[in-house]
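Below is one structure, written out as structure tokens; comments come after it.
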Amino acid sequence: MDRRTFVGGAAGMALTGLAGCLGGGGSGAETNVGMVYALGGLGDEAFNDMAHAGIQRAEEELGIAYDNTEPTGQSEFGTFQSQFASSTDPNYDLIGCIGFAQRSALQENASEYPDQNFMLVDAELDADNVASYTFREHEGSFQVGHLAGLLSTREFSHEGTYSGTEKTFSSNPDEKVVGFVGGKENPLIKKFEAGFIAGVEHADSEIEVRTAYAGSWNDPGRGQEIAGSMYDEGADIVYHAAGATGGGVFNAAGERGRLAIGVDSDQSLSSDASHTIVASMVKHVDTAVFNAVQNVVNDEFQGGSTIALGLDDEGVEAVIGTEYEGEIPQDVLDALDSSRQAIQDGEIDVPTEPEN
């Protein structure tokens, strides 16, 4: 359970000639990449920003150039994909399609542009010109669920600040309740929920896990409302898998002096409510993006294959919040090490669908 350093997030970018695109690297490089992000866009401090960190790393280490697009609606996925694929100045060597919602549009465009290389994150598409990257999110979610269960059943507190005010952020062992807030309800986010519930139960089967979905990836107000109700009804730790909506979970925790768990990136490094974030389930979309670009640069594109990343290859991992370094009891860290190893060894079979 060592902390990892994540350097990412959106940077200042200039408009380029491709309509609707934000430029990252300009032209003149031997390899050009077009990035089509998930809904919610850059600045979500989670999924999209992790993907952006990966392409930024590729620019720095591999000398590639890239352009970004941030669709605002489902209908724009296909448009941006085809704009990149049909471009000749520059010619894009790879188009990164970030998010499972792009699969339908990509299925059509992959067939329309058979000589174009694509990568798809969070879904599988059987096509020779598409490299698919998926994650075993349920494994990482089990880990943070295990952590939540272990902390929720003991007296645990952290002195910090929220909105400029000194506060104590603490567990509530008398209630034995934790929460999960999802963005939009779909099979992918159900994997987060299922793993989290299983991890909590692994710590203590008597803990109640309350779950709710906001119906949006970009509604912090709704996230704050849902999490606030959970905290008010006894929850002491809430885990979110809700994109930018999750910022509201941190605010609800901050107002009440409770704990929260972030997702996708180490959100304690970017949130103004960092003292509420005891841990994050980091999903290394940055690694997937970088590896896909590197394969293209090395003329080793993995078209027609699906690469699944989990705990065993650090595709996902539980990361303790930066404000909580040295504060998590050693027996809790040891228990997390044990459950991680048990998952990797196949001794714990983490479900992908909630049992309740």
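Residues in the structure tokens are named by chain (A, B, ... in the order shown) and by number from 1 within that chain; ligands are numbered from 1 in the order shown.
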
Contact check, region 80-145 of chain A to region 69-73 of chain A, at most 12 Å, counting only C-alpha atoms, closest pairs as CSV:
```
residue,atom,partner,partner_atom,distance
A:Phe80,CA,A:Thr69,CA,7.1
A:Gln81,CA,A:Thr69,CA,9.3
A:Ser82,CA,A:Thr69,CA,12.0
A:Gln83,CA,A:Thr69,CA,10.4
A:Phe84,CA,A:Thr69,CA,9.7
A:Ile95,CA,A:Thr69,CA,10.8
A:Gly96,CA,A:Thr69,CA,10.2
A:Cys97,CA,A:Thr69,CA,10.1
A:Ile98,CA,A:Glu70,CA,10.2
A:Gly99,CA,A:Pro71,CA,11.5
A:Ala101,CA,A:Gly73,CA,10.5
A:Gln102,CA,A:Pro71,CA,10.5
```

- prompt: How would you write, as a ChimeraX atom specification, the set of residues in region 171-234 of chain A that DSSP gives as helix (DSSP H, G or I)?
  reply: /A:187-203,220-232

task: Quote the spacing between CA of Glu347 (chain A) and CA of Asp331 (chain A) in Å to one decimal place.
output: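 Between CA of Glu347 (chain A) and CA of Asp331 (chain A) the gap is 20.3 Å.
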
Contacts of Ala308 (chain A) within 6 Å, only C-alpha atoms, excl. fewer than 4 positions in-chain, as a list in words: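 Here the answer would be Tyr133, Thr134 and Phe135 of chain A.
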
Limited to N, CA and C atoms, could you put the picked residues into a file as a PDB file, in the first residue's frame?
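See part_28.pdb below for the written result:
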```pdb
ATOM      1  N   TYR A 133      -8.541  -1.906 -24.659  1.00  0.00           N
ATOM      2  CA  TYR A 133      -7.963  -1.938 -23.316  1.00  0.00           C
ATOM      3  C   TYR A 133      -9.082  -1.933 -22.289  1.00  0.00           C
ATOM      4  N   THR A 134      -9.107  -2.940 -21.440  1.00  0.00           N
ATOM      5  CA  THR A 134     -10.087  -3.009 -20.366  1.00  0.00           C
ATOM      6  C   THR A 134      -9.346  -3.132 -19.036  1.00  0.00           C
ATOM      7  N   PHE A 135     -10.094  -2.969 -17.956  1.00  0.00           N
ATOM      8  CA  PHE A 135      -9.509  -3.006 -16.618  1.00  0.00           C
ATOM      9  C   PHE A 135     -10.357  -3.901 -15.718  1.00  0.00           C
TER      10      PHE A 135
END
```

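Nearest to Gly41 (chain A) of all the residues A:Asn68, A:His240, A:Ser152, A:Ser229 is A:Asn68, counting only C-alpha atoms.
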
Region 198-208 of chain A surroundings by only C-alpha atoms, 12 Å radius, close-in-sequence under 3 positions cut, as JSON, numbers by chain: {"A": [138, 139, 140, 141, 142, 143, 144, 145, 146, 147, 148, 149, 150, 151, 152, 153, 154, 172, 173, 174, 175, 176, 177, 178, 179, 180, 191, 192, 193, 194, 195, 211, 230, 233, 234, 235, 236, 237, 238, 239, 318, 332, 335, 336, 338, 339, 340, 342, 343, 348, 349, 350, 351, 352, 353, 354, 355, 356]}
